[in-house]
Amino acid sequence: MERYIIFIPADGPCRLVPCDDGDTCKLSTLQQLVGGFIEVTESSLEPTWAREPVECIHLIVNEEGLLRQLPDNPRATELYVCGDRSAIVGDAVLMAARGEDLIGFPKPVCKTICDEWELEMEDSTWND
């Protein structure tokens, strides 16, 4: 089954990114997407959103986003469980956690999440 992560840029439409290694993405891919070292933060989505056994759903963000004064990301902030920061800045990625692994979602799960959270996607994202 092909899996995807949901890329949520600070500006512009979101997009699905296919996982590198079946279920997961390489660290280098995640770093490229967020523009630097990654930080794993909790999202407000319950694990049941994944429709399979996972421990939680995370937002992956740039660890130095605040220091680098990256632009606010209101869509990612809406999905964030406020913890040690008041807002998400810079580009973010949404993915699930199963044990030690960060995994992607099947495309129908991505569609449900994007529809429910009103994430504007690139044109033709859902055309198969």
# chains A, B, ... in the order shown; residues from 1 in each chain; ligands from 1
$ residues_around --residues "Leu102 in chain A" --least-positions-apart "6" --cutoff "8 Å" --atoms "only C-alpha atoms" --output "ChimeraX atom specification"
/A:24-25,95-96
$ residues_around --residues "range 26-31 of chain A" --least-positions-apart "3" --cutoff "9 Å" --atoms "only C-alpha atoms" --output "tab-separated table (two decimals) with N, CA, C and O atoms, in the first residue's frame"
chain	number	residue	atom	x	y	z
A	19	CYS	N	5.87	8.42	0.65
A	19	CYS	CA	6.91	7.96	1.57
A	19	CYS	C	8.07	7.36	0.77
A	19	CYS	O	7.87	6.79	-0.29
A	20	ASP	N	9.27	7.51	1.30
A	20	ASP	CA	10.48	7.02	0.63
A	20	ASP	C	10.60	5.50	0.69
A	20	ASP	O	10.97	4.86	-0.28
A	21	ASP	N	10.36	4.96	1.88
A	21	ASP	CA	10.67	3.55	2.14
A	21	ASP	C	9.41	2.76	2.46
A	21	ASP	O	9.31	2.14	3.51
A	34	VAL	N	11.08	20.61	5.69
A	34	VAL	CA	10.92	21.67	6.68
A	34	VAL	C	12.07	22.68	6.66
A	34	VAL	O	12.05	23.66	7.39
A	35	GLY	N	13.07	22.44	5.83
A	35	GLY	CA	14.16	23.40	5.66
A	35	GLY	C	15.19	23.41	6.77
A	35	GLY	O	15.76	24.46	7.07
A	36	GLY	N	15.45	22.27	7.38
A	36	GLY	CA	16.48	22.21	8.42
A	36	GLY	C	16.26	21.04	9.36
A	36	GLY	O	15.51	20.11	9.05
A	37	PHE	N	16.91	21.12	10.53
A	37	PHE	CA	16.74	20.06	11.53
A	37	PHE	C	15.28	19.95	11.92
A	37	PHE	O	14.59	20.97	12.01
A	38	ILE	N	14.83	18.72	12.18
A	38	ILE	CA	13.42	18.53	12.48
A	38	ILE	C	13.17	18.48	13.98
A	38	ILE	O	14.04	18.13	14.77
A	60	ILE	N	5.75	17.50	12.10
A	60	ILE	CA	7.20	17.62	12.01
A	60	ILE	C	7.48	19.04	11.55
A	60	ILE	O	6.95	19.49	10.53
A	61	VAL	N	8.30	19.77	12.33
A	61	VAL	CA	8.57	21.18	12.04
A	61	VAL	C	10.07	21.44	12.07
A	61	VAL	O	10.85	20.60	12.50
A	62	ASN	N	10.45	22.63	11.65
A	62	ASN	CA	11.85	23.05	11.71
A	62	ASN	C	12.20	23.39	13.15
A	62	ASN	O	11.58	24.26	13.77
A	93	VAL	N	5.01	19.03	8.37
A	93	VAL	CA	4.59	17.76	7.80
A	93	VAL	C	3.74	17.04	8.84
A	93	VAL	O	4.08	17.03	10.03
$ select_by_dssp --residues "range 7-127 of chain A" --states "strand (DSSP E or B)" --output "JSON, numbers by chain"
{"A": [7, 8, 14, 15, 16, 17, 18, 21, 24, 38, 39, 40, 41, 42, 43, 56, 57, 58, 59, 60, 61, 62, 72, 80, 89, 92, 93, 94, 95, 96, 97, 98, 101, 102, 103, 105, 106, 121]}
$ closest_residue --among "A:Pro13, A:Gly104, A:Tyr80, A:Gly90" --to "Glu118 in chain A" --atoms "only C-alpha atoms"
A:Pro13
$ atom_distance --atom1 "CA of Lys111 in chain A" --atom2 "CA of Pro71 in chain A"
25.8 Å
$ decode --residues "range 25-40 of chain A" --atoms "all heavy atoms" --output "short mmCIF file (atom, residue, chain, number, x, y, z; two decimals), in the first residue's frame"
data_model
loop_
_atom_site.label_atom_id
_atom_site.label_comp_id
_atom_site.auth_asym_id
_atom_site.auth_seq_id
_atom_site.Cartn_x
_atom_site.Cartn_y
_atom_site.Cartn_z
N CYS A 25 9.52 7.90 5.84
CA CYS A 25 10.34 8.84 5.06
C CYS A 25 11.71 8.92 5.68
O CYS A 25 11.87 8.82 6.90
CB CYS A 25 9.70 10.23 5.05
SG CYS A 25 8.33 10.39 3.93
N LYS A 26 12.70 9.13 4.85
CA LYS A 26 14.07 9.30 5.33
C LYS A 26 14.18 10.62 6.09
O LYS A 26 13.47 11.58 5.78
CB LYS A 26 15.05 9.31 4.16
CG LYS A 26 15.08 8.01 3.40
CD LYS A 26 15.99 8.15 2.19
CE LYS A 26 15.91 6.89 1.34
NZ LYS A 26 16.55 7.04 0.06
N LEU A 27 15.09 10.66 7.03
CA LEU A 27 15.35 11.89 7.77
C LEU A 27 15.70 13.02 6.81
O LEU A 27 15.22 14.14 6.95
CB LEU A 27 16.47 11.68 8.78
CG LEU A 27 16.92 12.91 9.57
CD1 LEU A 27 15.77 13.51 10.37
CD2 LEU A 27 18.10 12.56 10.46
N SER A 28 16.49 12.72 5.79
CA SER A 28 16.91 13.75 4.83
C SER A 28 15.70 14.34 4.09
O SER A 28 15.66 15.53 3.79
CB SER A 28 17.93 13.20 3.84
OG SER A 28 17.40 12.11 3.12
N THR A 29 14.70 13.50 3.80
CA THR A 29 13.48 14.00 3.14
C THR A 29 12.73 14.95 4.05
O THR A 29 12.31 16.03 3.62
CB THR A 29 12.57 12.82 2.74
OG1 THR A 29 13.27 11.98 1.83
CG2 THR A 29 11.27 13.30 2.10
N LEU A 30 12.57 14.57 5.31
CA LEU A 30 11.86 15.43 6.27
C LEU A 30 12.61 16.74 6.47
O LEU A 30 12.00 17.82 6.51
CB LEU A 30 11.66 14.70 7.59
CG LEU A 30 10.78 13.45 7.53
CD1 LEU A 30 10.76 12.73 8.87
CD2 LEU A 30 9.37 13.78 7.06
N GLN A 31 13.94 16.67 6.57
CA GLN A 31 14.73 17.89 6.74
C GLN A 31 14.61 18.81 5.52
O GLN A 31 14.53 20.03 5.67
CB GLN A 31 16.20 17.54 6.98
CG GLN A 31 16.44 16.94 8.35
CD GLN A 31 17.86 16.47 8.54
OE1 GLN A 31 18.52 16.04 7.60
NE2 GLN A 31 18.33 16.53 9.77
N GLN A 32 14.58 18.22 4.35
CA GLN A 32 14.42 19.04 3.14
C GLN A 32 13.05 19.71 3.13
O GLN A 32 12.93 20.89 2.78
CB GLN A 32 14.58 18.16 1.90
CG GLN A 32 14.49 18.93 0.62
CD GLN A 32 14.67 18.04 -0.60
OE1 GLN A 32 14.65 16.82 -0.51
NE2 GLN A 32 14.83 18.66 -1.75
N LEU A 33 12.01 18.99 3.53
CA LEU A 33 10.66 19.55 3.51
C LEU A 33 10.49 20.71 4.49
O LEU A 33 9.82 21.69 4.17
CB LEU A 33 9.62 18.46 3.80
CG LEU A 33 9.41 17.45 2.68
CD1 LEU A 33 8.60 16.26 3.17
CD2 LEU A 33 8.73 18.10 1.47
N VAL A 34 11.08 20.61 5.69
CA VAL A 34 10.92 21.67 6.68
C VAL A 34 12.07 22.68 6.66
O VAL A 34 12.05 23.66 7.39
CB VAL A 34 10.70 21.13 8.12
CG1 VAL A 34 9.47 20.24 8.17
CG2 VAL A 34 11.92 20.43 8.65
N GLY A 35 13.07 22.44 5.83
CA GLY A 35 14.16 23.40 5.66
C GLY A 35 15.19 23.41 6.77
O GLY A 35 15.76 24.46 7.07
N GLY A 36 15.45 22.27 7.38
CA GLY A 36 16.48 22.21 8.42
C GLY A 36 16.26 21.04 9.36
O GLY A 36 15.51 20.11 9.05
N PHE A 37 16.91 21.12 10.53
CA PHE A 37 16.74 20.06 11.53
C PHE A 37 15.28 19.95 11.92
O PHE A 37 14.59 20.97 12.01
CB PHE A 37 17.59 20.36 12.77
CG PHE A 37 19.07 20.32 12.51
CD1 PHE A 37 19.82 21.47 12.60
CD2 PHE A 37 19.69 19.14 12.15
CE1 PHE A 37 21.19 21.45 12.35
CE2 PHE A 37 21.05 19.09 11.89
CZ PHE A 37 21.80 20.26 11.99
N ILE A 38 14.83 18.72 12.18
CA ILE A 38 13.42 18.53 12.48
C ILE A 38 13.17 18.48 13.98
O ILE A 38 14.04 18.13 14.77
CB ILE A 38 12.85 17.25 11.83
CG1 ILE A 38 13.45 15.99 12.45
CG2 ILE A 38 13.04 17.28 10.33
CD1 ILE A 38 12.71 14.72 12.10
N GLU A 39 11.96 18.85 14.34
CA GLU A 39 11.44 18.67 15.69
C GLU A 39 10.10 17.97 15.55
O GLU A 39 9.28 18.36 14.70
CB GLU A 39 11.28 20.01 16.41
CG GLU A 39 10.75 19.87 17.81
CD GLU A 39 10.63 21.21 18.52
OE1 GLU A 39 11.19 22.21 18.04
OE2 GLU A 39 9.95 21.24 19.55
N VAL A 40 9.87 16.96 16.35
CA VAL A 40 8.61 16.22 16.33
C VAL A 40 7.72 16.79 17.43
O VAL A 40 8.10 16.81 18.60
CB VAL A 40 8.85 14.71 16.56
CG1 VAL A 40 7.54 13.95 16.57
CG2 VAL A 40 9.79 14.16 15.50
#
